[in-house]
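Engineer: Below is a structure I'd like to ask you about.
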Amino acid sequence: MKTIELNTLGFIQEIKEHEEFKSFMLDYISNNDFPHFDNVSITDWEDCTNLDREYVSKLGELLAPYLTNIANKLRALDVQVPQIWFQRYLDNADHVWHYHPKSSWTAVYYIELPDEKVTTQLYDFTTEKIIDNIKLKEGELFVFSSNILHRSPPNLSGKPKTIISFNLDFDNVVIESING
């Protein structure tokens with residue numbers, strides 16, 4: 001089997017309205033009862049297709065212009081978010097290596113990020129190395145191809161890490177804008 005190396009595309013956007021949404025989201029989590037999943041401390045992943053949750057509506061309005069920016073870059077007219085969930089990582093919590101099947105893109109919005117060492121790590125099969133040098137900060141949205149193996153490393157910071165993750169599909173490409 002031949003392996004070819006392809007550069008991939010990812011997006012990082014600073015969410016300007018982050019502080020207000022962070023307060024809302026942390027209140028939402030603390031005022032509801034959520035289970036854990038694997039080694040993720042608190043999550044609503046099992047309800048990820050329910051788009052009627054309060055924070056999902058609020059987040060949709062907040063992120064619409066940011067997702068439109070990405071759609072424009074990809075020359076797509078439509079954005080769909082079929083699944084969305086939050087995850088909170090307390091002491092030593094992590095999320096094992098995984099893909100997000102049945103979607104094109106994966107997004108991670110960092111609600112609380114106590115240490116850059118606990119940002120999402122990607123795995124490069126060409127070099128057989130972990131990519132852990134992507135500079136991400138609290139309040140940023142990180143969007144990357146869902147077929148890239150990724151994980152959340154153990155949270156050894158002593159403070160909670162909270163993210164909202166979702167799957168994305170961009171569709172209806174404007175072909176006229178592509179040369180060749």
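Ligands are numbered from 1 in the order shown, residues from 1 within each chain, and chains are lettered A, B, ... in the order they appear in the structure tokens.
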May I have all residues of segment 3-174 of chain A that DSSP, computed from the backbone, assigns to helix (DSSP H, G or I), given as an NGL selection string?

Structural biologist: :A and (18-30 or 45-47 or 54-73 or 116-118)

Engineer: Gly158 of chain A: which residues within 9 Å, counting only C-alpha atoms, same-chain residues fewer than 2 positions away excluded, as a ChimeraX atom specification?

Structural biologist: /A:90-92,114,155-156,160

Engineer: For those residues, write N, CA and C atoms to a file as a PDB file, in the first residue's frame.

Structural biologist:
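Writing the result to selection-v6.pdb gives the following:
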ATOM      1  N   LEU A  90     -12.404  16.896  34.895  1.00  0.00           N
ATOM      2  CA  LEU A  90     -11.864  17.249  36.199  1.00  0.00           C
ATOM      3  C   LEU A  90     -10.499  16.576  36.338  1.00  0.00           C
ATOM      4  N   ASP A  91      -9.984  16.426  37.534  1.00  0.00           N
ATOM      5  CA  ASP A  91      -8.641  15.858  37.743  1.00  0.00           C
ATOM      6  C   ASP A  91      -8.458  14.511  37.058  1.00  0.00           C
ATOM      7  N   ASN A  92      -7.440  14.411  36.238  1.00  0.00           N
ATOM      8  CA  ASN A  92      -7.011  13.200  35.537  1.00  0.00           C
ATOM      9  C   ASN A  92      -7.980  12.693  34.484  1.00  0.00           C
ATOM     10  N   PRO A 114      -7.690  25.528  31.394  1.00  0.00           N
ATOM     11  CA  PRO A 114      -6.780  25.933  32.462  1.00  0.00           C
ATOM     12  C   PRO A 114      -5.300  25.874  32.093  1.00  0.00           C
ATOM     13  N   ASN A 155      -6.220  15.617  32.103  1.00  0.00           N
ATOM     14  CA  ASN A 155      -6.229  16.960  32.690  1.00  0.00           C
ATOM     15  C   ASN A 155      -5.482  16.903  34.024  1.00  0.00           C
ATOM     16  N   LEU A 156      -4.249  17.318  34.001  1.00  0.00           N
ATOM     17  CA  LEU A 156      -3.399  17.315  35.203  1.00  0.00           C
ATOM     18  C   LEU A 156      -3.238  18.723  35.769  1.00  0.00           C
ATOM     19  N   PRO A 160     -10.812  22.594  36.296  1.00  0.00           N
ATOM     20  CA  PRO A 160     -11.661  21.994  35.259  1.00  0.00           C
ATOM     21  C   PRO A 160     -11.338  22.503  33.852  1.00  0.00           C
TER      22      PRO A 160
END

Engineer: Assign secondary structure with DSSP using the backbone only, and return the residues of segment 4-178 of chain A in strand (DSSP E or B) as a VMD selection string.

Structural biologist: chain A and resid 10 to 14 37 40 42 to 43 76 to 89 95 to 98 105 to 112 121 to 124 129 to 131 140 to 145 150 to 152 161 to 173

Engineer: Sorted by chain and rising residue number, list the residues of segment 82-176 of chain A at most 6 Å from segment 46-69 of chain A (counting only C-alpha atoms), each with its closest atom pair and distance in Å to one decimal, as a Markdown table.

Structural biologist:
| residue | atom | partner | partner_atom | distance |
| --- | --- | --- | --- | --- |
| A:Gln83 | CA | A:Thr49 | CA | 4.8 |
| A:Ile84 | CA | A:Cys48 | CA | 4.9 |
| A:Trp85 | CA | A:Cys48 | CA | 5.2 |

Engineer: Write out, as an mmCIF file, in the first residue's frame, the residues just selected, with C-alpha atoms.

Structural biologist:
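What landed in part_35.cif:
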data_model
loop_
_atom_site.group_PDB
_atom_site.id
_atom_site.type_symbol
_atom_site.label_atom_id
_atom_site.label_comp_id
_atom_site.auth_asym_id
_atom_site.auth_seq_id
_atom_site.Cartn_x
_atom_site.Cartn_y
_atom_site.Cartn_z
ATOM 1 C CA GLN A 83 -24.618 16.484 16.872
ATOM 2 C CA ILE A 84 -23.444 18.717 19.720
ATOM 3 C CA TRP A 85 -22.419 17.996 23.313
#

Engineer: Quick one: pull the distance between atom CA of Ile148 of chain A and atom CA of Gln121 of chain A, Å, one decimal.

Structural biologist: 10.0 Å

Engineer: Suppose you want the space between atom CA of Ser165 of chain A and atom CA of Asn7 of chain A; what is it in Å?

Structural biologist: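 Value for the atom CA of Ser165 of chain A-atom CA of Asn7 of chain A distance: 23.2 Å.
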
Engineer: Return the single residue from A:Leu113, A:Ile134, A:Ile164, A:Leu74 that is closest to Thr43 of chain A, with distances computed using only C-alpha atoms.

Structural biologist: A:Ile164
